[in-house]
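**Q** Sharing a structure below in structure tokens format, with a few things to ask.
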Amino acid sequence: MKRMLSLVLALALLFILTACTTGSSSTAGNTASEEDISYIGGGKGIFQSQTLDLPGNPSVSYLAFAGDSLILGEAAEGGDRLYRFDMDSQAVYELDAPERLSIVSMDSGPDFQVCILNTEADGSYSIYLVKPDDSLEKLDIPDCRALEDELPSALFMTQGGYLLNTIGHIIALDGEGALIREFDCGSRLLQNYVDVVGSGSDEALALISGERGTDVWVMDEELRIEAKYSFPESYLDFYSGDGNYIYARDTGIIFRLDYRTGERQALVNTGLSQMYGSAFLPVSEDCIYNNSRGLLNKWSPWDGQEMKILTLATYDQSLQLSRLVSAFNDRSPYCKIDILDYSVYDSADAPDQGLTRLNLDILSGKGPDIMELSDFYPNFYSSKGLLQDLRPFLEGEENLGLNESLLRLLEYNGGLYELTPAYDIYTLWGDASVVGSSGDLSLKEFYRLAETYGLPALLGSGMTRSEFLQWYLVFERNLVDYDRASCAFTGEDFVKMLELSASLPESPPDDKENLFGELYAGGCMLALTGMGSDPVGAMAYLDTIFSGDARFVGFPTAEGSGAVIAPALRLGMASDSKNKEQVWDFFSFLLSETVQTDRQLSPGFPAVDAALKARIEELSEHYQDGKMKLYTSYQDVPIEISGRPADGITREKLIDLSHSIDGFVQPDQALLDIVLFEIEAFYSGTAAAAESAERIQSRASIYLSEQYG
């Protein structure tokens, strides 16, 4: 598992420190929950939106202030369109736009004007200036050095002219569009974000932000740098402000920022508010406009009933987590989830600082309500009493229909401490003529096949030594007993597997074959593969390749094995959360029909049996006679496979597979590293496989004793 050794060491040390300081009144430093972020108005930065209905339903892609109105831009085939929207009356009408208008960016300018950066048909760039009387003035942008290699991304209008920014440069143009000068921002080398905004009606600002912090260049009326400021924080976006401040977005929070000192106060929590989109236009700090998904939205501070805010801790936030939390927040008016990604606290000097900070939060009693456990070892938290047993909550749900095999897999010491809404499945497949029809491949038979055909011919050209050993550690769970902090790496079968692994390549060939093509052409005999977003399609391929009747047999182990899963998420409820009922509302939402039947929200195999059956029926429609086309290749020769249509047998196989799961795909990274290091002596011929196994046993025993003894 990712960072497993660092996590366990950090936790062990923190528990020792906590035990040694019981009764002390001191706290363990700053924590994520104590971050000094104050919101304007004293709330949590939650805003609610009103979607504005526009006559003709234009899809709003761009917008900018123009006094008491907004200029809206709509991306359209044949030429973009322009509209003026009156903020008081909410009336809207279309403007006469140039033919083949192609908007790159739109921004507010002095005297209620709006400037548009436009791409011409020949690839050159121009400026259109929208006047208060709805007339348009065009200026051509001259060729310059910066535009030879870089595309312009935004245009800003000042009293003295225009600032055009690219990836690494800012180009200053006078009021007629003539080139004044170019500024090299160095962002191509430093990977900085460059933007141009304004503060008040006079000052134009160029901002360069990245890992080293933020530099601010203040431009005078002749677009020369008259002052520079720097501060250590970095930001993802900047927006024009008023007076001595601008607005800046740092991940999910928009701040009012004093660009001279770097001092800031939070205004909007975009995640809790569901405020997404490309624009941020505050009429005031109580009235904000933006566009999202083609809709024009007006935002105001939340003024409803008391809001519950749950915190969810994660490490390297995944897209799937964002989707699910966003879906819950969108449907839950009085309870929102705030995601805290502790990986942001890591640095080059302290790569595991985020892990330490998370555990300090937990141990100080100021930790999250929910934990996303994919990057951790959940049973370690469970054994320390940090996670809540979910069984009492599950028992209160009627007719939920969760996969019983999944529930058994998630059990620990008689309790259920984690939940996953969906998962991918990995197992070994073969033709019945090779693996038999019993649904099991014994070690004895696997050894016979390996000796007869060779391991590369069995598993394919892409299987490497390290990958094979990793899969064996995943499937053979009798090698390690975490509860007793013991291991059994000197057994006959483990030594045999080490010996077999030597016949595999150290790395995959440069011309690695497509697995399905290799199987179809007879280049290998077994498929160790996963099933994710389209299990019916994967089954259609496998059934077709394996004589119309693929058999999953699990990876060969001493006691036999079924399949392992890669959960989309692994979520736990903190035992000291004061909002357990609200946390369960979120978990219940994850198991609801809304989520379980949505392939975006629950990719792969849904946790609820009824949802899985519905998913299979839905996907099966795409794999019928006349619809199904299966393509692959082998040795650069394309192959079209006449597939076996999905039917009741397909459904039964996939349901049976979902009920055979008995492990997780993640190996213990520390143990895997020990195995891969010690086996090198055997591969190089300086030790027998049994000797490498002895060294693995010794080192693994020490590791397990230190961390789990």
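Starting from 1 in every chain, residues are counted up; chains themselves are A, B, ... following the order of the structure tokens, and ligands are numbered from 1 as listed.
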Would you mind listing what lies within 9 Å of Ser199 in chain A as number ranges by chain, with only C-alpha atoms counted and same-chain residues fewer than 6 positions away left out?
**A** A: 205, 240-246
**Q** Produce a file of the selected residues containing C-alpha atoms, as a compact mmCIF listing (two decimals), in the first residue's frame.
**A**
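Resulting contents of part_1.txt:
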# COMPACT_ATOMS: atom_id res chain seq x y z
CA LEU A 205 -1.53 43.64 -11.81
CA SER A 240 -10.09 41.49 -10.19
CA GLY A 241 -10.96 43.25 -6.94
CA ASP A 242 -11.45 46.74 -5.59
CA GLY A 243 -9.03 49.09 -3.85
CA ASN A 244 -6.04 47.35 -2.27
CA TYR A 245 -7.24 43.80 -2.75
CA ILE A 246 -8.04 41.21 -5.37
**Q** What's around Glu404 in chain A at 12 Å? Count only C-alpha atoms, leave out sequence neighbours fewer than 5 positions away in its own chain, and write the answer as number ranges by chain.
**A** A: 409-411, 607-609, 655-656, 658-662
**Q** Go through range 457-564 of chain A and flag each residue having an atom no more than 10 Å from range 683-688 of chain A; for those, report the closest pair of atoms plus their distance in Å to one decimal, using only C-alpha atoms, ordered by chain and rising number, as JSON lines.
**A**
{"residue": "A:Arg465", "atom": "CA", "partner": "A:Tyr683", "partner_atom": "CA", "distance": 9.9}
{"residue": "A:Val495", "atom": "CA", "partner": "A:Ala688", "partner_atom": "CA", "distance": 9.4}
{"residue": "A:Leu498", "atom": "CA", "partner": "A:Tyr683", "partner_atom": "CA", "distance": 9.4}
{"residue": "A:Glu499", "atom": "CA", "partner": "A:Ala688", "partner_atom": "CA", "distance": 8.9}
{"residue": "A:Ser501", "atom": "CA", "partner": "A:Tyr683", "partner_atom": "CA", "distance": 9.1}
{"residue": "A:Ala502", "atom": "CA", "partner": "A:Tyr683", "partner_atom": "CA", "distance": 6.3}
{"residue": "A:Ser503", "atom": "CA", "partner": "A:Tyr683", "partner_atom": "CA", "distance": 9.6}
{"residue": "A:Glu506", "atom": "CA", "partner": "A:Tyr683", "partner_atom": "CA", "distance": 9.7}
**Q** Write the residues of the preceding selection, restricted to N, CA and C atoms, as a JSON list (two decimals), in the first residue's frame.
**A**
[["chain", "number", "residue", "atom", "x", "y", "z"],
["A", 465, "ARG", "N", 8.70, -10.74, -13.43],
["A", 465, "ARG", "CA", 8.99, -11.39, -12.15],
["A", 465, "ARG", "C", 8.30, -10.66, -10.98],
["A", 495, "VAL", "N", 8.67, -21.10, -1.77],
["A", 495, "VAL", "CA", 9.96, -21.33, -2.41],
["A", 495, "VAL", "C", 9.76, -21.74, -3.87],
["A", 498, "LEU", "N", 8.96, -18.74, -5.91],
["A", 498, "LEU", "CA", 10.18, -17.97, -6.16],
["A", 498, "LEU", "C", 10.96, -18.58, -7.32],
["A", 499, "GLU", "N", 11.07, -19.89, -7.33],
["A", 499, "GLU", "CA", 11.81, -20.57, -8.39],
["A", 499, "GLU", "C", 11.13, -20.36, -9.74],
["A", 501, "SER", "N", 9.29, -17.87, -10.64],
["A", 501, "SER", "CA", 9.36, -16.46, -11.08],
["A", 501, "SER", "C", 10.62, -16.17, -11.88],
["A", 502, "ALA", "N", 11.69, -16.94, -11.66],
["A", 502, "ALA", "CA", 12.95, -16.70, -12.36],
["A", 502, "ALA", "C", 12.82, -16.90, -13.87],
["A", 503, "SER", "N", 11.82, -17.65, -14.31],
["A", 503, "SER", "CA", 11.64, -17.89, -15.75],
["A", 503, "SER", "C", 10.98, -16.71, -16.46],
["A", 506, "GLU", "N", 12.64, -9.72, -16.46],
["A", 506, "GLU", "CA", 12.77, -8.70, -15.42],
["A", 506, "GLU", "C", 11.87, -7.50, -15.72]]
**Q** If you take only C-alpha atoms and a cut-off of 8 Å, which residues of range 92-180 of chain A touch range 43-63 of chain A, and what are their nearest atom pairs and distances in Å to one decimal, in chain and number order, as CSV?
**A**
residue,atom,partner,partner_atom,distance
A:Val92,CA,A:Leu54,CA,6.8
A:Ser105,CA,A:Tyr62,CA,7.2
A:Met106,CA,A:Tyr62,CA,6.4
A:Asp107,CA,A:Leu63,CA,7.4
**Q** Output the selection as a PDB file, in the first residue's frame - C-alpha atoms for each residue.
**A**
ATOM      1  CA  VAL A  92     -31.370  39.918 -21.932  1.00  0.00           C
ATOM      2  CA  SER A 105     -11.355  35.278 -23.177  1.00  0.00           C
ATOM      3  CA  MET A 106     -13.548  38.133 -22.003  1.00  0.00           C
ATOM      4  CA  ASP A 107     -12.861  40.717 -19.293  1.00  0.00           C
TER       5      ASP A 107
END
**Q** So that I can see what lies close to Cys144 in chain A, please list as a short mmCIF file (atom, residue, chain, number, x, y, z; two decimals) with C-alpha atoms, in the first residue's frame the residues with an atom at most 10 Å from it, counting only C-alpha atoms and leaving out residues fewer than 6 positions away in the same chain.
**A**
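Below is the file selection30.cif, written as the result:
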data_model
loop_
_atom_site.label_atom_id
_atom_site.label_comp_id
_atom_site.auth_asym_id
_atom_site.auth_seq_id
_atom_site.Cartn_x
_atom_site.Cartn_y
_atom_site.Cartn_z
CA ILE A 171 2.51 41.40 -23.62
CA LEU A 179 3.07 46.60 -29.05
CA ARG A 181 6.86 45.75 -24.55
CA GLU A 182 7.02 42.07 -23.57
#
